[in-house]
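K.L.:
See query31.cif below, with mmCIF, C-alpha atoms.
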```cif
data_entry
loop_
_atom_site.label_atom_id
_atom_site.label_comp_id
_atom_site.auth_asym_id
_atom_site.auth_seq_id
_atom_site.Cartn_x
_atom_site.Cartn_y
_atom_site.Cartn_z
CA MET A 1 -16.03 -53.14 29.86
CA TYR A 2 -13.06 -53.78 27.59
CA ILE A 3 -12.52 -52.91 23.92
CA GLN A 4 -10.22 -54.47 21.34
CA LEU A 5 -6.83 -52.87 20.74
CA LYS A 6 -7.54 -52.44 17.03
CA THR A 7 -10.75 -50.52 17.82
CA TYR A 8 -8.88 -48.36 20.32
CA SER A 9 -6.14 -47.67 17.75
CA LYS A 10 -8.65 -46.47 15.17
CA LEU A 11 -10.25 -44.18 17.76
CA VAL A 12 -6.82 -42.74 18.65
CA PHE A 13 -6.09 -41.80 15.05
CA ILE A 14 -9.56 -40.42 14.41
CA SER A 15 -9.15 -38.28 17.54
CA PHE A 16 -5.67 -37.23 16.42
CA VAL A 17 -7.00 -36.04 13.05
CA CYS A 18 -9.92 -34.21 14.70
CA VAL A 19 -7.57 -32.47 17.14
CA LEU A 20 -5.30 -31.45 14.27
CA LEU A 21 -8.16 -29.99 12.22
CA LEU A 22 -9.81 -28.25 15.18
CA GLY A 23 -6.53 -26.58 16.14
CA THR A 24 -5.58 -25.51 12.62
CA VAL A 25 -8.12 -25.30 9.80
CA PHE A 26 -11.08 -24.66 12.10
CA ALA A 27 -9.21 -22.89 14.92
CA GLY A 28 -10.80 -19.54 14.06
CA ASP A 29 -14.26 -20.94 14.85
CA PHE A 30 -13.30 -23.38 17.60
CA THR A 31 -11.11 -21.10 19.74
CA PRO A 32 -13.80 -18.47 20.53
CA PHE A 33 -16.37 -21.26 21.01
CA VAL A 34 -14.45 -22.69 23.99
CA GLY A 35 -13.63 -19.24 25.39
CA VAL A 36 -9.88 -19.28 24.74
CA ASP A 37 -8.34 -16.06 23.46
CA SER A 38 -5.30 -17.48 21.69
CA GLN A 39 -5.04 -19.84 18.72
CA TYR A 40 -1.65 -20.91 20.05
CA ASP A 41 -2.93 -21.75 23.52
CA ILE A 42 -5.81 -23.83 22.15
CA LYS A 43 -3.28 -26.03 20.35
CA ARG A 44 -1.46 -26.74 23.62
CA MET A 45 -4.76 -27.52 25.35
CA LEU A 46 -5.88 -29.86 22.58
CA VAL A 47 -2.56 -31.73 22.70
CA VAL A 48 -2.81 -32.23 26.49
CA PHE A 49 -6.47 -33.32 26.30
CA PHE A 50 -5.69 -35.73 23.47
CA ILE A 51 -2.87 -37.41 25.40
CA CYS A 52 -4.99 -37.59 28.58
CA LEU A 53 -8.00 -39.14 26.83
CA SER A 54 -5.82 -41.57 24.88
CA SER A 55 -4.04 -42.74 28.03
CA LEU A 56 -7.42 -43.13 29.77
CA GLY A 57 -8.66 -45.23 26.86
CA LEU A 58 -5.71 -47.62 27.31
CA CYS A 59 -7.13 -48.61 30.70
CA PHE A 60 -10.17 -50.11 28.95
CA VAL A 61 -8.32 -52.11 26.30
CA LYS A 62 -8.36 -55.88 26.78
CA GLU A 63 -4.74 -56.62 25.91
CA VAL A 64 -2.03 -54.00 25.41
CA GLU A 65 1.55 -54.46 24.27
CA PHE A 66 4.04 -51.65 24.84
CA ILE A 67 7.13 -51.31 22.70
CA ARG A 68 10.47 -52.09 24.30
CA VAL A 69 13.02 -49.63 22.91
CA SER A 70 16.61 -50.65 22.17
CA LYS A 71 19.27 -50.50 24.88
CA VAL A 72 20.94 -47.60 23.09
CA THR A 73 17.72 -45.55 23.06
CA ALA A 74 16.89 -46.50 26.66
CA SER A 75 20.38 -45.44 27.77
CA PHE A 76 20.11 -42.16 25.87
CA LEU A 77 16.70 -41.36 27.42
CA GLY A 78 17.94 -42.22 30.90
CA ILE A 79 21.03 -40.02 30.58
CA PHE A 80 19.17 -37.14 28.93
CA LEU A 81 16.30 -37.04 31.45
CA SER A 82 18.64 -37.40 34.44
CA LEU A 83 20.80 -34.51 33.25
CA ALA A 84 17.68 -32.47 32.44
CA ILE A 85 16.36 -32.88 35.99
CA LEU A 86 19.75 -31.93 37.45
CA SER A 87 19.93 -28.93 35.14
CA ALA A 88 16.43 -27.82 36.20
CA LEU A 89 17.14 -28.19 39.92
CA TYR A 90 20.34 -26.11 39.70
CA SER A 91 18.80 -23.42 37.48
CA LYS A 92 17.39 -20.03 38.45
CA HIS A 93 13.88 -21.19 37.52
CA PRO A 94 13.58 -24.79 38.79
CA PHE A 95 9.77 -24.82 38.63
CA TRP A 96 9.69 -23.83 34.96
CA GLY A 97 12.49 -26.23 34.22
CA MET A 98 10.47 -29.10 35.70
CA LEU A 99 7.43 -27.86 33.77
CA GLU A 100 9.40 -28.22 30.54
CA ILE A 101 10.41 -31.74 31.58
CA ALA A 102 6.74 -32.52 32.37
CA ASN A 103 5.86 -31.48 28.82
CA MET A 104 8.59 -33.79 27.54
CA GLY A 105 7.08 -36.54 29.68
CA LEU A 106 3.70 -35.99 28.03
CA LEU A 107 5.31 -36.32 24.60
CA LEU A 108 7.02 -39.56 25.67
CA CYS A 109 3.62 -40.88 26.75
CA ALA A 110 2.20 -39.82 23.38
CA PHE A 111 5.01 -41.78 21.71
CA LEU A 112 4.05 -44.86 23.72
CA ILE A 113 0.38 -44.45 22.78
CA PHE A 114 1.18 -43.96 19.09
CA THR A 115 3.55 -46.94 18.87
CA THR A 116 1.02 -49.19 20.60
CA SER A 117 -1.75 -48.05 18.26
CA ILE A 118 0.25 -48.24 15.03
CA LYS A 119 1.43 -51.76 15.80
CA ALA A 120 -2.17 -52.97 16.06
CA LEU A 121 -3.11 -51.79 12.56
CA ASN A 122 -2.47 -53.28 9.15
CA ARG A 123 0.51 -51.43 7.65
CA GLU A 124 -1.00 -50.91 4.18
CA LYS A 125 -4.29 -49.60 5.60
CA PHE A 126 -2.40 -47.39 8.02
CA PHE A 127 -0.37 -45.79 5.21
CA LEU A 128 -3.59 -45.28 3.24
CA GLY A 129 -5.17 -43.51 6.20
CA LEU A 130 -2.01 -41.48 6.81
CA TYR A 131 -1.91 -40.31 3.20
CA LEU A 132 -5.63 -39.45 3.13
CA CYS A 133 -5.25 -37.40 6.34
CA ALA A 134 -2.31 -35.44 4.88
CA LEU A 135 -4.32 -34.89 1.69
CA LEU A 136 -7.45 -33.84 3.62
CA PHE A 137 -5.48 -31.39 5.76
CA SER A 138 -3.93 -29.89 2.62
CA ILE A 139 -7.22 -29.60 0.73
CA PHE A 140 -9.06 -27.91 3.63
CA THR A 141 -6.17 -25.48 4.07
CA PHE A 142 -6.01 -24.60 0.37
CA ILE A 143 -9.77 -24.08 0.06
CA LYS A 144 -9.60 -21.37 2.73
CA TYR A 145 -6.36 -20.03 1.28
CA ILE A 146 -7.85 -19.61 -2.21
CA LEU A 147 -11.01 -18.03 -0.80
CA PHE A 148 -8.99 -15.46 1.17
CA LEU A 149 -6.93 -14.77 -1.95
CA LEU A 150 -10.07 -14.18 -4.04
CA PHE A 151 -11.52 -11.91 -1.35
CA SER A 152 -8.32 -9.87 -1.43
CA TYR A 153 -8.62 -9.55 -5.20
CA ALA A 154 -12.30 -8.54 -4.97
CA ASP A 155 -11.62 -5.88 -2.33
CA ALA A 156 -8.35 -4.80 -3.94
CA GLN A 157 -6.69 -5.17 -0.54
CA SER A 158 -3.06 -6.18 -0.23
CA PHE A 159 -2.05 -9.01 2.09
CA ASP A 160 1.08 -9.81 4.03
CA ILE A 161 2.65 -13.21 4.74
CA HIS A 162 0.09 -13.88 7.50
CA GLY A 163 -2.98 -12.71 5.58
CA LEU A 164 -4.01 -15.83 3.64
CA ILE A 165 -3.43 -18.61 6.17
CA SER A 166 -5.90 -18.76 9.07
CA GLY A 167 -5.95 -20.86 12.22
CA TYR A 168 -2.47 -19.95 13.42
CA ALA A 169 -1.20 -17.18 15.70
CA ASN A 170 1.78 -16.98 13.36
CA VAL A 171 2.06 -18.39 9.84
CA ARG A 172 5.39 -19.97 10.79
CA PHE A 173 3.45 -22.48 12.91
CA PHE A 174 1.78 -23.65 9.71
CA ASN A 175 5.10 -23.79 7.85
CA GLN A 176 6.45 -26.05 10.60
CA LEU A 177 3.62 -28.50 9.91
CA GLN A 178 4.07 -28.13 6.16
CA VAL A 179 7.61 -29.47 6.17
CA MET A 180 6.30 -32.70 7.73
CA VAL A 181 3.04 -32.97 5.76
CA ILE A 182 4.54 -32.43 2.28
CA PRO A 183 6.79 -35.54 2.46
CA LEU A 184 3.78 -37.67 3.44
CA LEU A 185 2.12 -36.70 0.16
CA PHE A 186 4.85 -38.71 -1.61
CA LEU A 187 3.48 -41.98 -0.17
CA PRO A 188 1.81 -42.99 -3.50
CA TYR A 189 5.27 -43.00 -5.13
CA PHE A 190 6.59 -45.57 -2.67
CA CYS A 191 3.54 -47.68 -1.72
CA GLN A 192 2.10 -49.95 -4.40
CA ASN A 193 -1.43 -49.85 -2.97
CA LEU A 194 -1.51 -46.03 -3.23
CA THR A 195 -0.33 -45.55 -6.84
CA LYS A 196 -3.88 -44.69 -7.98
CA PHE A 197 -3.65 -41.46 -5.97
CA LYS A 198 -0.68 -40.09 -7.92
CA ARG A 199 -2.90 -37.98 -10.13
CA PHE A 200 -3.89 -35.76 -7.18
CA LEU A 201 -0.37 -35.03 -6.06
CA PHE A 202 0.95 -32.61 -8.63
CA ILE A 203 -1.51 -29.80 -7.95
CA VAL A 204 -1.49 -30.29 -4.16
CA LEU A 205 2.30 -30.26 -3.95
CA SER A 206 2.45 -27.25 -6.28
CA LEU A 207 0.04 -25.35 -4.03
CA HIS A 208 2.20 -26.17 -1.02
CA TRP A 209 5.19 -24.60 -2.77
CA LEU A 210 3.04 -21.59 -3.66
CA VAL A 211 2.22 -21.10 0.04
CA LEU A 212 5.85 -21.56 1.08
CA LEU A 213 6.89 -18.86 -1.39
CA GLN A 214 4.04 -16.50 -0.49
CA THR A 215 4.73 -16.82 3.24
CA GLN A 216 8.46 -16.41 2.58
CA ALA A 217 9.21 -19.58 4.55
CA ARG A 218 12.92 -19.69 3.77
CA GLY A 219 13.63 -22.21 6.52
CA GLY A 220 10.79 -24.46 5.35
CA MET A 221 11.89 -24.42 1.71
CA LEU A 222 15.53 -25.00 2.63
CA SER A 223 14.53 -27.91 4.90
CA LEU A 224 12.51 -29.62 2.18
CA ILE A 225 15.20 -29.13 -0.46
CA LEU A 226 18.00 -30.40 1.78
CA ALA A 227 15.95 -33.36 3.03
CA SER A 228 14.80 -34.35 -0.47
CA SER A 229 18.39 -34.09 -1.76
CA LEU A 230 19.62 -36.40 1.00
CA ILE A 231 16.77 -38.85 0.41
CA ALA A 232 17.45 -38.86 -3.35
CA PHE A 233 21.10 -39.76 -2.72
CA PHE A 234 20.06 -43.02 -1.01
CA LEU A 235 17.40 -44.06 -3.55
CA SER A 236 17.98 -46.47 -6.42
CA GLN A 237 18.74 -44.86 -9.77
CA HIS A 238 15.28 -45.37 -11.30
CA THR A 239 13.40 -44.25 -8.18
CA ARG A 240 15.79 -41.32 -7.76
CA GLN A 241 14.99 -40.02 -11.24
CA GLN A 242 11.23 -40.19 -10.61
CA PHE A 243 11.57 -38.57 -7.18
CA ILE A 244 13.77 -35.71 -8.39
CA SER A 245 11.48 -35.18 -11.38
CA ILE A 246 8.31 -34.74 -9.30
CA VAL A 247 10.10 -32.51 -6.77
CA LEU A 248 11.49 -30.19 -9.47
CA LYS A 249 8.23 -30.11 -11.46
CA THR A 250 6.13 -29.19 -8.42
CA ILE A 251 8.66 -26.53 -7.36
CA MET A 252 8.54 -24.98 -10.84
CA ALA A 253 4.73 -25.14 -10.90
CA GLY A 254 4.65 -23.48 -7.47
CA VAL A 255 6.96 -20.72 -8.69
CA VAL A 256 4.71 -20.09 -11.71
CA LEU A 257 1.59 -19.95 -9.51
CA TRP A 258 3.37 -17.59 -7.13
CA LEU A 259 4.49 -15.27 -9.96
CA VAL A 260 0.97 -15.14 -11.41
CA PHE A 261 -1.30 -15.04 -8.33
CA ILE A 262 0.91 -13.41 -5.70
CA ILE A 263 3.10 -11.07 -7.77
CA ALA A 264 1.47 -10.26 -11.12
CA ILE A 265 -2.27 -10.08 -10.30
CA PRO A 266 -1.89 -8.07 -7.06
CA HIS A 267 0.44 -5.68 -8.91
CA TRP A 268 -2.19 -5.26 -11.64
CA LEU A 269 -5.15 -4.84 -9.24
CA MET A 270 -3.44 -2.88 -6.47
CA GLU A 271 -0.41 -1.46 -8.25
CA SER A 272 1.75 -2.98 -5.53
CA SER A 273 3.68 -6.16 -4.96
CA ASN A 274 3.77 -8.12 -1.71
CA PHE A 275 7.16 -9.58 -2.45
CA GLN A 276 10.14 -8.43 -0.42
CA LEU A 277 13.38 -10.33 -0.68
CA ARG A 278 14.67 -10.95 2.85
CA THR A 279 18.43 -11.39 3.01
CA THR A 280 18.96 -11.23 6.78
CA SER A 281 18.77 -14.03 9.35
CA SER A 282 15.93 -12.22 11.20
CA GLY A 283 18.14 -12.07 14.27
CA ARG A 284 18.77 -15.82 14.45
CA VAL A 285 22.54 -15.56 14.03
CA ASP A 286 22.65 -12.98 16.83
CA LEU A 287 20.77 -15.38 19.13
CA TRP A 288 23.11 -18.26 18.26
CA LEU A 289 26.21 -16.12 18.83
CA TYR A 290 24.73 -15.06 22.18
CA ILE A 291 24.43 -18.73 23.19
CA LEU A 292 27.98 -19.58 22.09
CA THR A 293 29.25 -16.59 24.04
CA HIS A 294 27.42 -17.39 27.28
CA ILE A 295 27.39 -21.20 27.40
CA PRO A 296 30.94 -21.43 28.90
CA GLU A 297 29.39 -19.97 32.08
CA SER A 298 27.42 -23.21 32.55
CA LEU A 299 28.88 -25.59 30.01
CA TRP A 300 28.05 -29.08 31.33
CA LEU A 301 24.48 -28.75 32.63
CA GLY A 302 23.37 -25.60 30.83
CA PHE A 303 21.19 -22.91 32.38
CA GLY A 304 18.15 -25.16 32.85
CA PRO A 305 15.16 -26.23 30.69
CA MET A 306 13.17 -23.24 29.43
CA SER A 307 15.79 -20.86 30.83
CA PHE A 308 16.29 -19.12 27.47
CA THR A 309 12.89 -17.52 28.07
CA TRP A 310 14.49 -15.35 30.77
CA ALA A 311 18.04 -15.16 29.41
CA GLU A 312 19.56 -11.82 30.35
CA ALA A 313 20.70 -9.32 27.71
CA LYS A 314 19.77 -11.55 24.77
CA PRO A 315 19.59 -9.63 21.48
CA LEU A 316 15.91 -10.44 20.83
CA PRO A 317 13.02 -11.18 23.24
CA HIS A 318 12.34 -14.62 21.74
CA ALA A 319 11.62 -17.41 24.25
CA HIS A 320 13.63 -19.89 22.16
CA PRO A 321 16.64 -19.45 19.86
CA HIS A 322 15.04 -20.91 16.70
CA ASN A 323 17.56 -23.74 16.65
CA LEU A 324 17.04 -27.06 18.44
CA ILE A 325 20.74 -27.84 18.86
CA MET A 326 21.50 -24.37 20.23
CA GLN A 327 18.48 -24.59 22.53
CA ILE A 328 19.63 -27.92 23.99
CA LEU A 329 23.19 -26.62 24.32
CA TYR A 330 22.10 -23.50 26.24
CA GLU A 331 19.40 -25.09 28.39
CA TYR A 332 20.63 -28.66 28.94
CA GLY A 333 24.39 -28.32 28.51
CA ALA A 334 27.10 -29.76 26.29
CA ILE A 335 26.78 -33.38 27.49
CA SER A 336 23.07 -33.57 26.66
CA CYS A 337 23.62 -31.75 23.38
CA VAL A 338 26.32 -34.20 22.23
CA ALA A 339 24.26 -37.21 23.35
CA PHE A 340 21.13 -35.95 21.57
CA THR A 341 23.00 -35.15 18.35
CA ALA A 342 24.80 -38.51 18.32
CA TRP A 343 21.56 -40.43 18.90
CA CYS A 344 19.72 -38.55 16.13
CA VAL A 345 22.55 -39.07 13.63
CA ASN A 346 22.75 -42.78 14.52
CA ARG A 347 18.99 -43.33 14.10
CA LEU A 348 18.75 -41.32 10.88
CA TYR A 349 21.72 -43.07 9.31
CA SER A 350 20.11 -46.42 10.11
CA ARG A 351 16.89 -45.30 8.39
CA LEU A 352 18.68 -43.90 5.36
CA ASP A 353 20.58 -47.17 5.05
CA SER A 354 17.22 -48.99 5.03
CA ILE A 355 16.17 -46.81 2.10
CA GLN A 356 19.35 -47.66 0.22
CA GLN A 357 18.94 -51.39 0.88
CA GLN A 358 15.23 -51.18 -0.04
CA THR A 359 14.45 -53.49 2.86
CA ILE A 360 11.32 -51.69 4.17
CA PRO A 361 8.64 -50.57 1.64
CA GLY A 362 6.98 -47.26 2.44
CA ILE A 363 9.64 -46.01 4.86
CA THR A 364 11.03 -43.32 2.52
CA PRO A 365 8.32 -40.62 2.93
CA ILE A 366 8.38 -41.09 6.71
CA VAL A 367 12.16 -40.67 6.88
CA PHE A 368 11.78 -37.69 4.52
CA ALA A 369 9.23 -36.11 6.89
CA VAL A 370 11.30 -36.67 10.03
CA LEU A 371 14.47 -35.43 8.34
CA SER A 372 12.69 -32.34 7.01
CA GLY A 373 11.19 -31.59 10.43
CA LEU A 374 14.56 -31.94 12.16
CA ILE A 375 16.33 -29.73 9.61
CA CYS A 376 13.57 -27.13 10.00
CA SER A 377 14.11 -27.25 13.77
CA LEU A 378 17.55 -25.74 13.10
CA PHE A 379 15.87 -22.56 11.81
CA SER A 380 12.48 -22.53 13.54
CA GLY A 381 10.62 -23.57 16.70
CA VAL A 382 9.55 -27.03 15.59
CA ALA A 383 10.65 -28.48 18.94
CA VAL A 384 8.73 -25.83 20.90
CA MET A 385 5.34 -25.42 19.21
CA PRO A 386 2.63 -27.84 20.44
CA PHE A 387 1.35 -29.30 17.16
CA ALA A 388 4.81 -29.46 15.60
CA GLN A 389 6.04 -31.35 18.68
CA LEU A 390 3.18 -33.85 18.51
CA ALA A 391 3.52 -34.32 14.73
CA LEU A 392 7.25 -35.04 15.05
CA VAL A 393 6.61 -37.54 17.88
CA PHE A 394 3.97 -39.23 15.71
CA LEU A 395 6.39 -39.60 12.80
CA VAL A 396 9.15 -40.96 15.04
CA ALA A 397 6.61 -43.44 16.43
CA ILE A 398 5.93 -44.66 12.89
CA LEU A 399 9.65 -45.16 12.29
CA ALA A 400 9.90 -47.12 15.54
CA GLN A 401 7.61 -49.76 14.02
CA PHE A 402 10.28 -50.65 11.50
CA ASP A 403 12.68 -51.75 14.25
CA SER A 404 12.89 -55.43 15.07
CA CYS A 405 12.07 -54.40 18.62
CA HIS A 406 10.48 -56.46 21.34
CA VAL A 407 7.20 -55.79 23.09
CA TYR A 408 5.83 -56.66 26.50
CA LYS A 409 2.30 -56.98 27.80
CA ALA A 410 1.28 -53.99 29.88
CA ALA A 411 -0.78 -55.01 32.90
CA LEU A 412 -3.76 -52.91 33.95
CA HIS A 413 -1.91 -51.31 36.87
CA THR A 414 0.86 -50.20 34.45
CA ARG A 415 -1.70 -48.45 32.26
CA VAL A 416 -3.38 -46.85 35.29
CA VAL A 417 0.00 -45.50 36.44
CA LEU A 418 0.54 -44.12 32.91
CA PHE A 419 -2.85 -42.37 32.99
CA VAL A 420 -2.29 -40.90 36.46
CA SER A 421 1.17 -39.66 35.39
CA VAL A 422 -0.30 -38.01 32.29
CA VAL A 423 -3.04 -36.31 34.35
CA LEU A 424 -0.50 -35.00 36.87
CA MET A 425 1.83 -33.66 34.16
CA GLY A 426 -1.09 -32.16 32.22
CA SER A 427 -2.46 -30.53 35.37
CA LEU A 428 0.96 -29.01 36.05
CA LEU A 429 0.90 -27.42 32.59
CA PHE A 430 -2.63 -26.06 33.04
CA MET A 431 -1.69 -24.55 36.43
CA THR A 432 0.65 -22.17 34.59
CA TYR A 433 -1.91 -20.92 32.07
CA LYS A 434 -1.74 -17.10 32.04
CA SER A 435 0.83 -17.09 34.81
CA ASP A 436 2.18 -13.66 35.73
CA GLU A 437 5.73 -15.01 35.53
CA LEU A 438 5.32 -15.44 31.79
CA LEU A 439 4.52 -11.77 31.22
CA SER A 440 8.17 -10.97 30.51
CA ALA A 441 8.35 -13.69 27.82
CA LEU A 442 7.05 -11.97 24.74
CA PHE A 443 7.09 -14.96 22.42
CA PRO A 444 5.53 -18.45 22.69
CA ARG A 445 7.00 -21.28 24.70
CA ILE A 446 4.36 -23.13 26.72
CA TRP A 447 1.65 -20.44 26.50
CA VAL A 448 1.24 -17.16 24.63
CA ASN A 449 -0.94 -15.44 27.24
CA GLY A 450 -2.48 -13.40 24.45
CA LEU A 451 0.27 -10.80 24.77
CA ILE A 452 1.33 -10.74 21.15
CA SER A 453 -0.41 -9.26 18.19
CA TYR A 454 1.00 -10.74 15.01
#
```
How does the structure come out when it is put into structure tokens?

P.N.:
Amino acid sequence: MYIQLKTYSKLVFISFVCVLLLGTVFAGDFTPFVGVDSQYDIKRMLVVFFICLSSLGLCFVKEVEFIRVSKVTASFLGIFLSLAILSALYSKHPFWGMLEIANMGLLLCAFLIFTTSIKALNREKFFLGLYLCALLFSIFTFIKYILFLLFSYADAQSFDIHGLISGYANVRFFNQLQVMVIPLLFLPYFCQNLTKFKRFLFIVLSLHWLVLLQTQARGGMLSLILASSLIAFFLSQHTRQQFISIVLKTIMAGVVLWLVFIIAIPHWLMESSNFQLRTTSSGRVDLWLYILTHIPESLWLGFGPMSFTWAEAKPLPHAHPHNLIMQILYEYGAISCVAFTAWCVNRLYSRLDSIQQQTIPGITPIVFAVLSGLICSLFSGVAVMPFAQLALVFLVAILAQFDSCHVYKAALHTRVVLFVSVVLMGSLLFMTYKSDELLSALFPRIWVNGLISY
């Protein structure tokens, strides 16, 4: 029995939203229900299950068209994956290196599924659904946030940066999603069919800034400010003024809310303030200097994918260096790092030029989200955490629709091969769940293993 591609596409996005909500807003209830002891691990499981089910669904679609990427992108992927495999095979941990590549393969399959699904939908309706999902995610999160804040007031109990956001092993995992969700909330300012939703934006965006300040997400705030500044530079004068105005107004409103509800009221009720100005890099600079010091030992191919997890004598026990470029440099080598950086700059410049030429309506918030996510990856583990990975792939898939790219019909055997490949790569990931070899890695990479108490 076959289904229409448009029906399949709607099911993919409904499933995507359900997976996102189950692994975040409702993770506290869902994780114990399925017998998993880590809110981080359940996110990885949900991502793998989502990609497996979506690839299985493709086998029952009547006609499927896969995107044909540009020659530049195809060449980059071929070079990057070839070097990654070589790096893994010559590393001290070839199995874990190939496991990391398998996870990358799953994300590439997710990209293929997303691009196929997005292409089948009406663009205006898709942007409406995208905006409503970002709004729904924000509203659900803030309802729980406000309730936890009120409970803290009622019990006169202080809270730390992790105390008001639930559903995440670490609040930074939420901040990584925030930097990509907040730009999507600007869709009504750039899509004519969404202008009626503008009235909801001010308070939602202000609450996001409140949470960023309360959780002391310096990397998240810096990413959003830098990305919005770059976006504003490429906008027309009139649009730039409106964009800068709403950004500054929501930041100021967020600061006021933070001063009142996070600083003043807790100080009055508990005679203490939760605010501590952090002026250090939290060890990030030490990790980056460690990489620059040791990379000459294996400059061209790096030490192998996921090798930073077991890097010897590193200054902190983190499984990743909190910087995507440094991570690629250390694990994949200088050639892959230069190729990846050049490809990203080339693609982003092309998108920013589209904003300046005003050739593609609605592209600005998507570019804003991708740019913000990539900048945040220079300070945080956006490229490592399961939901942040999938969200970034989803946004890149949206941008791919704006290319004048070609498509080709995917025969049934092609889709079956895709499904079998996804199952094999997903099974490889699940084989390593709670592996003893991960006991020495005290911070998340593929799995947490429940070893950390945040």

K.L.:
Quick one: everything within 6 Å of Ala110 of chain A, counting all atoms listed in the file, minus sequence neighbours fewer than 3 positions away in the same chain. Send it as a VMD selection string.

P.N.:
chain A and resid 51 107 113

K.L.:
Hey, which of A:Ser228, A:Gln214, A:Ser70, A:Ser82 ends up closest to Ile262 of chain A? Count all atoms listed in the file.

P.N.:
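The shortest atom-to-atom distance to Ile262 of chain A comes from A:Gln214.
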
K.L.:
Please enumerate the residues selected by the PyMOL selection byres ((chain A and resi 101) around 12) when evaluated against the supplied file, formatted as a PyMOL selection string.

P.N.:
chain A and resi 80-89+94-100+102-108+304-306+331-332+425-426+428-429+446

K.L.:
Could you please give me, as a PyMOL selection string, the residues of protein, DNA or RNA lying at most 12 Å from (13.8, -27.2, 15.9) in the coordinate frame of the file, considering all atoms listed in the file?

P.N.:
chain A and resi 173+176-177+179+219-220+223+320-328+370-385+388-389+392

K.L.:
Which residues, named as in the file, does the PyMOL selection byres ((chain A and resi 235) around 10) pick out? Answer as a list in words.

P.N.:
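Taken over the shown coordinates, the PyMOL selection byres ((chain A and resi 235) around 10) returns Leu230, Ile231, Ala232, Phe233, Phe234, Ser236, Gln237, His238, Thr239, Arg240, Gln241, Phe243, Leu352, Asp353, Ser354, Ile355, Gln356, Gln357, Gln358 and Thr364 of chain A.
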
K.L.:
Could you check how far atom CA of Val181 of chain A sits from atom CA of Thr309 of chain A, in Å to one decimal?

P.N.:
28.9 Å

K.L.:
Mind telling me what the PyMOL selection byres ((chain A and resi 142) around 9) catches here, as an MDAnalysis selection string?

P.N.:
chainID A and resid 137:141 143:147 165 204 207:208 211

K.L.:
Determine, counting all atoms listed in the file, which protein, DNA and RNA residues have an atom within 12 Å of an atom of Phe126 of chain A; residues of the same chain fewer than 3 positions away are not included. Present the result as a compact mmCIF listing (two decimals) with C-alpha atoms, keeping the file's coordinate frame.

P.N.:
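Heads up, here's the output in around_37.txt:
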```
# COMPACT_ATOMS: atom_id res chain seq x y z
CA LYS A 6 -7.54 -52.44 17.03
CA SER A 9 -6.14 -47.67 17.75
CA LYS A 10 -8.65 -46.47 15.17
CA PHE A 13 -6.09 -41.80 15.05
CA ILE A 14 -9.56 -40.42 14.41
CA SER A 117 -1.75 -48.05 18.26
CA ILE A 118 0.25 -48.24 15.03
CA LYS A 119 1.43 -51.76 15.80
CA ALA A 120 -2.17 -52.97 16.06
CA LEU A 121 -3.11 -51.79 12.56
CA ASN A 122 -2.47 -53.28 9.15
CA ARG A 123 0.51 -51.43 7.65
CA GLY A 129 -5.17 -43.51 6.20
CA LEU A 130 -2.01 -41.48 6.81
CA TYR A 131 -1.91 -40.31 3.20
CA LEU A 132 -5.63 -39.45 3.13
CA CYS A 133 -5.25 -37.40 6.34
CA LEU A 187 3.48 -41.98 -0.17
CA CYS A 191 3.54 -47.68 -1.72
CA ASN A 193 -1.43 -49.85 -2.97
CA LEU A 194 -1.51 -46.03 -3.23
CA GLY A 362 6.98 -47.26 2.44
CA ILE A 398 5.93 -44.66 12.89
CA GLN A 401 7.61 -49.76 14.02
```

K.L.:
Calculated over all atoms listed in the file, which of the candidates A:Ser336, A:Leu316, A:Leu399, A:Tyr408 has the smallest distance to Gly78 of chain A?

P.N.:
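Looking only at the distances to Gly78 of chain A, the closest residue turns out to be A:Ser336.
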
K.L.:
Residues at most 10 Å from Arg68 of chain A, counting only C-alpha atoms, excluding those fewer than 4 positions away in the same chain, as number ranges by chain?

P.N.:
A: 73-74, 112, 405-408

K.L.:
Leaving out Ala319 of chain A and any residue of its chain fewer than 4 positions from it, which residues lie within 7 Å of it when counting all atoms listed in the file, given as number ranges by chain?

P.N.:
A: 308-309, 441, 443-445

K.L.:
Show me, as a PyMOL selection string, the residues that have an atom within 6 Å of segment 150-161 of chain A when counting only C-alpha atoms, minus same-chain residues fewer than 2 positions from it.

P.N.:
chain A and resi 147-148+163+215+270

K.L.:
Would you compute the distance between atom CA of Ser350 of chain A and atom CA of Ser229 of chain A? Give it in Å to one decimal.

P.N.:
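Atom CA of Ser229 of chain A lies 17.2 Å from atom CA of Ser350 of chain A.
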
K.L.:
Have a look at atom CA of Thr414 of chain A and atom CA of Leu58 of chain A and let me know their distance in Å, one decimal.

P.N.:
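The value is 10.0 Å.
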
K.L.:
Which residue gives the smallest distance to Phe261 of chain A among A:Phe26, A:Trp447, A:Leu210, A:Leu53, with all atoms listed in the file counted?

P.N.:
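Of the candidates, the smallest distance to Phe261 of chain A is held by A:Leu210.
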
K.L.:
Nearest to Leu46 of chain A: which of A:Val61, A:Glu312, A:Leu329, A:Leu21 is it, counting only C-alpha atoms?

P.N.:
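Smallest distance to Leu46 of chain A is found for A:Leu21.
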